$ cat my_file03.txt   # compact mmCIF, C-alpha atoms and all ligand atoms
# COMPACT_ATOMS: atom_id res chain seq x y z
CA MET Y 1 79.50 80.95 81.32
CA ILE Y 2 76.39 83.08 81.81
CA VAL Y 3 76.38 86.06 84.12
CA ASN Y 4 72.98 87.41 85.10
CA THR Y 5 72.63 90.97 86.20
CA LEU Y 6 71.03 91.46 89.61
CA LYS Y 7 67.77 92.77 88.15
CA GLY Y 8 67.21 89.47 86.41
CA CYS Y 9 68.13 90.90 83.03
CA LEU Y 10 70.28 88.29 81.35
CA LEU Y 11 73.83 89.12 80.49
CA PHE Y 12 75.34 86.25 78.52
CA VAL Y 13 79.08 85.94 78.62
CA ARG Y 14 80.21 82.88 76.77
CA ILE Y 15 83.77 81.87 77.36
CA GLY Y 16 85.15 78.71 75.79
CA ALA Y 17 87.65 77.69 78.43
CA MET Y 18 87.11 78.40 82.09
CA SER Y 19 89.45 80.93 83.59
CA ASN Y 20 90.20 81.93 87.17
CA ASN Y 21 88.13 85.01 86.52
CA ASP Y 22 84.96 82.98 86.01
CA VAL Y 23 85.50 81.20 89.30
CA LEU Y 24 86.15 84.56 90.95
CA LEU Y 25 82.82 85.89 89.64
CA ALA Y 26 81.09 82.81 91.03
CA VAL Y 27 82.79 83.26 94.42
CA GLN Y 28 81.76 86.93 94.54
CA ALA Y 29 78.17 85.97 93.70
CA LEU Y 30 78.13 83.33 96.46
CA LYS Y 31 79.48 85.87 98.94
CA ARG Y 32 76.70 88.30 97.97
CA GLY Y 33 74.19 85.56 98.81
CA GLU Y 34 73.37 84.75 95.19
CA LEU Y 35 73.05 81.35 93.52
CA VAL Y 36 75.58 79.82 91.13
CA ALA Y 37 75.44 76.62 89.12
CA PHE Y 38 78.56 74.53 88.82
CA PRO Y 39 79.56 71.16 87.39
CA THR Y 40 80.33 68.15 89.54
CA GLU Y 41 81.38 64.74 88.28
CA THR Y 42 77.81 63.47 88.87
CA VAL Y 43 75.36 66.23 87.84
CA TYR Y 44 75.36 70.03 87.93
CA GLY Y 45 74.75 71.59 91.34
CA LEU Y 46 72.75 74.71 92.22
CA GLY Y 47 74.98 76.29 94.85
CA ALA Y 48 74.50 78.70 97.74
CA ASP Y 49 76.70 79.73 100.66
CA ALA Y 50 75.87 77.05 103.23
CA THR Y 51 76.16 79.59 106.08
CA ASN Y 52 73.80 82.19 104.60
CA LYS Y 53 70.13 81.69 105.60
CA ASN Y 54 68.76 84.06 102.96
CA ALA Y 55 70.74 82.41 100.20
CA LEU Y 56 69.52 78.98 101.35
CA ASN Y 57 65.91 80.17 101.41
CA ARG Y 58 66.30 81.46 97.85
CA LEU Y 59 67.81 78.09 96.87
CA TYR Y 60 64.66 76.32 98.05
CA THR Y 61 62.43 78.84 96.26
CA VAL Y 62 64.28 78.56 92.94
CA LYS Y 63 64.43 74.78 93.17
CA GLY Y 64 60.75 74.63 94.13
CA ARG Y 65 61.66 72.25 96.93
CA PRO Y 66 59.91 71.95 100.32
CA GLN Y 67 61.98 73.62 103.09
CA SER Y 68 61.98 70.42 105.12
CA HIS Y 69 64.14 68.54 102.61
CA PRO Y 70 67.88 68.69 103.35
CA VAL Y 71 70.63 69.70 100.93
CA ILE Y 72 74.18 68.39 100.60
CA VAL Y 73 77.08 70.62 101.65
CA HIS Y 74 80.01 70.42 99.22
CA LEU Y 75 83.53 70.84 100.60
CA ALA Y 76 86.99 71.24 99.05
CA SER Y 77 88.50 68.38 101.04
CA PHE Y 78 87.62 65.79 103.65
CA GLU Y 79 89.75 67.66 106.21
CA HIS Y 80 87.01 70.31 106.46
CA ILE Y 81 84.44 67.72 107.49
CA SER Y 82 84.99 68.07 111.25
CA LYS Y 83 83.68 71.65 111.06
CA TRP Y 84 80.34 70.35 109.76
CA ALA Y 85 80.03 66.96 111.48
CA SER Y 86 80.08 66.50 115.25
CA TYR Y 87 81.27 62.89 115.00
CA VAL Y 88 83.18 61.20 112.18
CA PRO Y 89 83.35 57.43 112.64
CA GLU Y 90 86.42 55.48 111.56
CA GLU Y 91 84.36 53.88 108.78
CA ALA Y 92 83.78 57.33 107.22
CA LEU Y 93 87.54 57.95 107.20
CA ILE Y 94 88.16 54.61 105.51
CA LEU Y 95 85.57 55.38 102.83
CA ALA Y 96 86.94 58.90 102.35
CA ARG Y 97 90.44 57.52 101.77
CA ALA Y 98 89.03 55.19 99.10
CA PHE Y 99 86.48 57.40 97.37
CA CYS Y 100 87.11 61.11 98.07
CA PRO Y 101 87.01 63.26 96.14
CA GLY Y 102 84.28 61.35 94.36
CA PRO Y 103 80.57 60.56 93.93
CA LEU Y 104 79.89 59.60 97.54
CA THR Y 105 77.86 61.65 100.05
CA PHE Y 106 78.29 61.05 103.78
CA ILE Y 107 75.37 61.51 106.16
CA LEU Y 108 76.85 62.29 109.57
CA LYS Y 109 75.72 63.85 112.84
CA ARG Y 110 75.72 67.59 112.25
CA SER Y 111 77.87 70.00 114.20
CA GLY Y 112 76.46 73.02 116.05
CA CYS Y 113 77.30 75.46 113.26
CA VAL Y 114 75.15 73.77 110.60
CA LEU Y 115 71.98 75.71 109.82
CA ASN Y 116 68.53 74.12 109.96
CA GLU Y 117 68.02 75.49 106.44
CA VAL Y 118 70.69 72.99 105.31
CA THR Y 119 69.48 69.96 107.24
CA GLY Y 120 65.74 70.48 107.00
CA GLY Y 121 65.76 70.51 110.81
CA GLN Y 122 67.27 67.03 111.10
CA ASP Y 123 70.21 66.23 113.37
CA THR Y 124 72.34 64.99 110.49
CA VAL Y 125 74.10 66.66 107.58
CA GLY Y 126 74.99 65.44 104.07
CA LEU Y 127 78.62 66.16 103.10
CA ARG Y 128 80.40 65.53 99.82
CA ILE Y 129 83.76 66.31 98.21
CA PRO Y 130 83.09 66.38 94.45
CA ALA Y 131 85.78 65.17 92.05
CA HIS Y 132 85.22 67.71 89.25
CA PRO Y 133 88.25 70.04 88.92
CA LEU Y 134 86.07 73.11 88.40
CA ALA Y 135 83.96 72.30 91.47
CA LEU Y 136 87.11 71.89 93.54
CA GLU Y 137 88.56 75.14 92.19
CA LEU Y 138 85.34 76.94 93.12
CA LEU Y 139 85.25 75.38 96.60
CA GLU Y 140 88.89 76.20 97.29
CA ALA Y 141 88.48 79.79 96.11
CA PHE Y 142 85.26 80.20 98.11
CA GLY Y 143 86.87 78.71 101.20
CA GLY Y 144 83.64 77.43 102.76
CA GLY Y 145 80.83 74.96 102.28
CA ILE Y 146 78.53 75.26 99.27
CA ALA Y 147 75.06 73.84 99.77
CA ALA Y 148 73.94 72.40 96.45
CA PRO Y 149 71.05 70.25 95.34
CA SER Y 150 71.05 69.08 91.72
CA ALA Y 151 70.48 72.07 89.39
CA ASN Y 152 66.93 71.22 88.28
CA LYS Y 153 63.41 71.93 89.44
CA PHE Y 154 62.23 69.69 92.30
CA GLY Y 155 61.23 66.21 91.11
CA LYS Y 156 62.53 66.76 87.58
CA VAL Y 157 65.45 65.35 85.61
CA SER Y 158 68.90 66.44 86.87
CA THR Y 159 71.10 68.48 84.54
CA THR Y 160 74.41 67.19 83.20
CA THR Y 161 75.42 70.03 80.87
CA ALA Y 162 75.64 73.80 81.34
CA ASP Y 163 73.19 74.27 78.44
CA ASP Y 164 70.59 72.17 80.25
CA VAL Y 165 71.14 74.23 83.42
CA LYS Y 166 70.56 77.43 81.43
CA LEU Y 167 67.33 76.02 79.97
CA GLU Y 168 66.11 74.89 83.39
CA LEU Y 169 67.27 77.73 85.67
CA GLY Y 170 69.04 80.27 83.45
CA ASN Y 171 67.15 83.32 84.68
CA GLU Y 172 67.41 82.46 88.34
CA VAL Y 173 71.14 81.96 88.88
CA SER Y 174 73.85 84.60 88.78
CA VAL Y 175 76.59 82.48 87.24
CA VAL Y 176 76.64 79.15 85.41
CA LEU Y 177 80.12 77.63 85.32
CA ASP Y 178 80.49 75.42 82.26
CA GLY Y 179 82.63 72.37 82.90
CA GLY Y 180 81.31 70.28 80.01
CA ALA Y 181 79.23 67.13 80.36
CA CYS Y 182 79.32 65.41 83.77
CA PRO Y 183 81.33 62.18 83.49
CA VAL Y 184 79.32 60.07 85.97
CA GLY Y 185 75.92 61.35 84.87
CA ILE Y 186 73.71 60.39 87.83
CA GLU Y 187 73.68 61.60 91.43
CA SER Y 188 76.13 60.45 94.11
CA THR Y 189 75.73 57.38 96.27
CA ILE Y 190 74.46 58.51 99.69
CA ILE Y 191 75.68 56.55 102.70
CA ASP Y 192 74.28 57.15 106.16
CA LEU Y 193 76.87 56.75 108.93
CA SER Y 194 74.89 58.67 111.53
CA SER Y 195 73.43 55.73 113.43
CA SER Y 196 74.45 52.24 114.43
CA ARG Y 197 73.18 50.76 111.15
CA ILE Y 198 75.17 51.93 108.08
CA LYS Y 199 72.76 52.34 105.18
CA VAL Y 200 72.94 53.22 101.50
CA LEU Y 201 70.13 55.80 101.23
CA ARG Y 202 70.55 56.41 97.52
CA PRO Y 203 72.39 54.04 95.17
CA GLY Y 204 74.92 55.62 92.82
CA MET Y 205 77.81 54.61 90.65
CA ILE Y 206 79.91 53.80 93.70
CA PHE Y 207 78.24 50.47 94.35
CA ARG Y 208 77.27 48.96 97.69
CA GLU Y 209 79.58 46.01 96.91
CA GLN Y 210 82.55 48.39 96.47
CA ILE Y 211 81.73 50.05 99.80
CA GLU Y 212 81.50 46.67 101.53
CA GLU Y 213 84.78 45.57 100.00
CA VAL Y 214 86.59 48.68 101.23
CA LEU Y 215 85.05 48.42 104.71
CA GLY Y 216 85.63 44.68 104.88
CA PHE Y 217 82.12 43.79 106.04
CA ASN Y 218 78.56 43.34 104.85
CA LEU Y 219 76.55 46.48 105.71
CA ASP Y 220 73.61 44.44 107.02
CA GLU Y 221 75.77 42.55 109.46
CA HIS Y 222 77.61 45.44 111.06
CA GLU Y 223 76.91 47.64 114.09
CA LEU Y 224 78.52 51.06 114.00
CA LYS Y 225 79.75 52.18 117.42
CA ILE Y 226 78.55 55.75 117.89
CA PRO Y 227 79.50 57.19 121.31
CA PRO Y 228 76.33 57.87 123.39
CA ALA Y 229 77.02 61.63 123.41
CA TYR Y 230 76.44 61.72 119.62
CA SER Y 231 73.75 59.12 119.25
CA THR Y 232 70.77 61.35 120.06
CA GLN Y 233 70.15 65.04 119.48
CA THR Y 234 72.97 67.36 118.55
CA LYS Y 235 73.28 70.58 120.56
CA SER Y 236 73.37 73.71 118.45
CA THR Y 237 75.37 76.80 119.40
CA ASP Y 238 72.48 78.88 118.06
CA ALA Y 239 69.50 78.83 120.46
CA SER Y 240 67.06 79.19 117.56
CA GLN Y 241 68.44 75.99 116.01
CA THR Y 242 66.45 73.12 117.42
CA THR Y 243 67.07 69.78 115.79
CA GLN Y 244 64.94 66.74 115.40
CA THR Y 245 65.75 63.09 114.93
CA SER Y 246 62.72 62.38 112.80
CA SER Y 247 62.84 59.90 109.96
CA ILE Y 248 65.28 60.75 107.19
CA ARG Y 249 63.82 62.58 104.22
CA VAL Y 250 65.41 61.74 100.92
CA PRO Y 251 63.55 63.38 98.01
CA GLY Y 252 65.15 60.84 95.68
CA GLY Y 253 63.35 58.40 97.95
CA LEU Y 254 59.94 59.67 96.87
CA PRO Y 255 58.24 57.22 94.50
CA SER Y 256 58.11 59.80 91.67
CA HIS Y 257 61.32 61.74 91.02
CA TYR Y 258 63.80 62.44 88.23
CA ALA Y 259 60.77 62.63 85.92
CA PRO Y 260 60.56 64.20 82.44
CA ASN Y 261 57.43 66.14 81.44
CA THR Y 262 56.52 63.40 78.97
CA PRO Y 263 55.22 60.18 80.59
CA LEU Y 264 58.01 57.60 80.74
CA LYS Y 265 57.38 53.86 80.54
CA LEU Y 266 59.85 51.06 81.21
CA LEU Y 267 59.50 47.96 79.04
CA GLU Y 268 61.61 44.87 78.46
CA GLY Y 269 63.26 44.88 75.01
CA HIS Y 270 61.08 42.06 73.66
CA GLU Y 271 57.86 43.87 74.72
CA ILE Y 272 58.65 47.11 72.90
CA PRO Y 273 57.78 46.32 69.23
CA GLY Y 274 54.35 44.90 70.08
CA PHE Y 275 53.62 47.73 72.51
CA ILE Y 276 54.44 50.39 69.91
CA CYS Y 277 52.30 48.65 67.26
CA ASP Y 278 49.34 48.81 69.60
CA LEU Y 279 49.78 52.53 70.33
CA ASP Y 280 47.26 54.87 68.81
CA LEU Y 281 49.82 57.44 67.64
CA ASN Y 282 47.76 59.41 65.07
CA SER Y 283 50.05 62.30 64.27
CA HIS Y 284 52.08 61.86 67.47
CA THR Y 285 55.52 60.35 67.94
CA VAL Y 286 56.93 58.02 70.57
CA GLY Y 287 60.39 58.45 72.09
CA LEU Y 288 62.52 55.35 72.58
CA LEU Y 289 65.72 54.86 74.60
CA HIS Y 290 67.21 51.43 74.13
CA TYR Y 291 70.58 49.74 74.46
CA SER Y 292 69.97 46.45 72.64
CA ASN Y 293 69.49 45.84 68.95
CA ILE Y 294 65.71 46.28 68.86
CA ASP Y 295 65.90 49.10 66.33
CA LYS Y 296 66.74 46.47 63.70
CA ILE Y 297 63.13 45.30 63.92
CA PHE Y 298 61.89 48.84 63.26
CA ASN Y 299 64.16 49.18 60.26
CA ASN Y 300 62.60 46.17 58.58
CA LYS Y 301 60.26 47.90 56.11
CA SER Y 302 58.14 44.79 55.59
CA ASN Y 303 56.63 44.95 59.06
CA ARG Y 304 53.92 47.23 60.35
CA TYR Y 305 55.96 49.32 62.77
CA PRO Y 306 55.43 53.10 62.47
CA ILE Y 307 59.15 53.78 61.92
CA ASP Y 308 58.66 57.43 61.02
CA ARG Y 309 56.83 57.98 64.33
CA ILE Y 310 59.65 56.63 66.51
CA ILE Y 311 62.31 59.05 67.78
CA SER Y 312 64.99 56.79 69.13
CA ARG Y 313 68.25 57.12 71.02
CA ARG Y 314 70.62 54.21 71.28
CA ALA Y 315 72.31 54.10 74.69
CA ASP Y 316 75.51 52.24 75.49
CA SER Y 317 75.18 48.77 77.01
CA ASP Y 318 77.95 49.52 79.48
CA PRO Y 319 76.30 50.77 82.70
CA HIS Y 320 78.85 53.56 83.32
CA LYS Y 321 78.38 54.93 79.81
CA PHE Y 322 74.61 54.41 79.99
CA ALA Y 323 74.53 56.46 83.22
CA GLN Y 324 76.75 59.17 81.77
CA ASP Y 325 74.25 59.87 78.97
CA LEU Y 326 71.01 58.91 80.74
CA TYR Y 327 69.71 62.38 81.64
CA SER Y 328 70.79 64.04 78.40
CA ASN Y 329 69.09 61.22 76.47
CA ILE Y 330 65.89 61.63 78.49
CA ARG Y 331 66.00 65.40 78.12
CA PHE Y 332 66.48 65.00 74.35
CA LEU Y 333 63.46 62.69 74.08
CA ASP Y 334 61.43 64.97 76.37
CA LYS Y 335 62.07 67.88 74.00
CA SER Y 336 60.76 65.81 71.04
CA LYS Y 337 57.24 66.34 72.43
CA SER Y 338 56.39 62.69 71.92
CA GLN Y 339 53.27 61.33 73.57
CA LEU Y 340 55.33 58.80 75.51
CA ILE Y 341 58.98 57.95 76.20
CA ILE Y 342 59.70 54.23 76.30
CA VAL Y 343 62.92 53.09 77.97
CA GLU Y 344 64.23 49.56 77.56
CA THR Y 345 64.59 48.11 81.08
CA PRO Y 346 68.27 47.58 81.89
CA PRO Y 347 69.53 44.27 83.31
CA LYS Y 348 68.74 43.77 86.99
CA THR Y 349 72.35 43.33 88.10
CA SER Y 350 74.21 45.29 90.77
CA ALA Y 351 76.07 47.49 88.25
CA TRP Y 352 72.67 48.77 87.08
CA THR Y 353 71.06 49.27 90.52
CA ALA Y 354 71.39 53.06 90.58
CA ILE Y 355 70.23 53.42 86.97
CA LEU Y 356 67.20 51.20 87.62
CA ASP Y 357 66.43 53.24 90.75
CA ARG Y 358 66.32 56.48 88.72
CA LEU Y 359 64.29 54.88 85.92
CA TYR Y 360 61.73 53.34 88.29
CA ARG Y 361 61.20 56.74 89.90
CA ALA Y 362 61.09 58.55 86.55
CA SER Y 363 58.40 56.11 85.40
CA ALA Y 364 56.49 55.93 88.70
CA LYS Y 365 53.47 57.88 87.42
CA THR Y 366 53.21 55.84 84.20
CA ASN Y 367 54.31 52.23 84.87
O1 LIG Y 401 75.56 63.94 93.10
C1 LIG Y 401 74.91 64.60 93.92
O2 LIG Y 401 74.71 64.20 95.08
C2 LIG Y 401 74.38 65.96 93.46
C3 LIG Y 401 75.55 66.90 93.21
C4 LIG Y 401 75.11 68.30 92.84
O3 LIG Y 401 76.39 66.90 94.32
N1 LIG Y 401 73.49 66.51 94.43
C5 LIG Y 401 72.25 66.04 94.63
O4 LIG Y 401 71.54 66.81 95.53
O5 LIG Y 401 71.81 65.06 94.07
P1 LIG Y 401 69.96 66.65 95.73
O6 LIG Y 401 69.58 67.68 96.73
O7 LIG Y 401 69.27 66.71 94.43
O8 LIG Y 401 69.86 65.25 96.40
C6 LIG Y 401 70.51 65.08 97.65
C7 LIG Y 401 69.81 64.06 98.46
C8 LIG Y 401 68.41 64.45 98.75
O9 LIG Y 401 67.62 63.32 98.47
C9 LIG Y 401 68.43 64.78 100.22
O10 LIG Y 401 67.24 64.48 100.87
C10 LIG Y 401 69.55 63.91 100.71
O11 LIG Y 401 70.50 63.98 99.70
N2 LIG Y 401 70.11 64.45 101.94
C11 LIG Y 401 70.79 65.60 102.12
N3 LIG Y 401 71.07 65.78 103.42
C12 LIG Y 401 70.57 64.72 104.07
C13 LIG Y 401 70.50 64.31 105.43
N4 LIG Y 401 71.01 65.05 106.38
N5 LIG Y 401 69.89 63.16 105.73
C14 LIG Y 401 69.35 62.40 104.75
N6 LIG Y 401 69.36 62.72 103.45
C15 LIG Y 401 69.96 63.86 103.11
MG MG Y 402 68.12 66.10 92.91
$ encode --input "my_file03.txt" --output "structure tokens" --more "lines below"
Ligand code: TXA
Ligand code: MG
Amino acid sequence: MIVNTLKGCLLFVRIGAMSNNDVLLAVQALKRGELVAFPTETVYGLGADATNKNALNRLYTVKGRPQSHPVIVHLASFEHISKWASYVPEEALILARAFCPGPLTFILKRSGCVLNEVTGGQDTVGLRIPAHPLALELLEAFGGGIAAPSANKFGKVSTTTADDVKLELGNEVSVVLDGGACPVGIESTIIDLSSSRIKVLRPGMIFREQIEEVLGFNLDEHELKIPPAYSTQTKSTDASQTTQTSSIRVPGGLPSHYAPNTPLKLLEGHEIPGFICDLDLNSHTVGLLHYSNIDKIFNNKSNRYPIDRIISRRADSDPHKFAQDLYSNIRFLDKSKSQLIIVETPPKTSAWTAILDRLYRASAKTN
């Protein structure tokens, strides 16, 4: 764990195993309106008290994120959801029974107590119960909602280890809770249950097919019955809190997101050797993330591949394991200061949908 002093002077306290005391320090920091980073099963979160306007404003500043983009509120259990959502459809309860705690975020009509700083002024709120034991311990000890985007600068690669959080945001957070590497590795599936059409806004490792199986219907062929009182604007108890029903803003929905500093290019496995041969590398290197056997070609000394210029990482061919290591692999290759990172395009099957989504966005400026 790292504890920062208030003046920004770093005080490093490294503790191997997490203790109640570390969680207590994080709770105290949250209550003072400071920011803490904590592990979830998906990626690390940058947390602030979801009821503290100043803390939320600081969250946006540190993250470098436009104020109009909403953040997810993390809760200790689904029972707390009625405080934050004005209407919870039966379908949300069914999904919660199947997947909570877990990597699924619910977009629901917000209740009157939810701040505009959380929702970006929209009439909906994102709610999630994370499955990581340390996140749950923190949430239970805090006793309220923790607003938390992924613990990275806006548009950049999410963090999946405490060390990566420290590199990315170390000076700007009061406490970093270290819960090891995140087991899922990419951000939660976001499902919108706030209007008559249920939609997956962001694919994740809970797949659309799993959601449809649990609900017992195809999302495209179902009308959600939202009582008229909840289907338009939500009244806020705070007169200054006007809400809008404008189109949903999902930063992960921007064409370029999750991007390393080094340009990232997606190529099919068979295209990679020829592409690298044609690169004008001079003294530069190229980073390569692949899951098939293409490195065998590079190891064949009789060919003309610049083996000593290729910094490669072999990823697992199982999508869950590939996702688990994806961001740490990309961060590793980014640090190699190569002129380009090439990623072998994963199969275009449903198990890879979320991974492909992240890779397409990470490569949007290059491909
Ligand atoms: O796995 C995750 O979801 C991680 C961990 C930390 O929980 N969090 C995360 O947060 O990925 P963030 O802020 O990086 O991405 C959350 C996404 C954003 O694209 C945001 O626009 C969307 O959720 N979101 C939040 N509230 C929303 C709302 N009311 N309506 C539509 N989208 C919303
Ligand atoms: Mg994010």
$ residues_near_ligand --input "my_file03.txt" --ligand "ligand LIG 401 (chain Y)" --cutoff "8 Å" --atoms "all atoms listed in the file" --output "number ranges by chain"
Y: 39-46, 69-74, 103-105, 107-108, 110, 118-120, 122-128, 130, 148-152, 154, 158, 186-190, 192, 201-202, 248-253
$ residues_around --input "my_file03.txt" --residues "Gly143 in chain Y" --least-positions-apart "6" --cutoff "10 Å" --atoms "all atoms listed in the file" --output "list of chain:residue names"
Y:Val27, Y:Leu75, Y:Ala76, Y:His80, Y:Glu137
$ closest_residue --input "my_file03.txt" --among "Y:Gln339, Y:Thr61, Y:Thr353, Y:Asn367" --to "Leu279 in chain Y" --atoms "all atoms listed in the file"
Y:Gln339
$ atom_distance --input "my_file03.txt" --atom1 "CA of Phe99 in chain Y" --atom2 "CA of Phe78 in chain Y"
10.5 Å
$ atom_distance --input "my_file03.txt" --atom1 "CA of Ile129 in chain Y" --atom2 "CA of Gly112 in chain Y"
20.4 Å
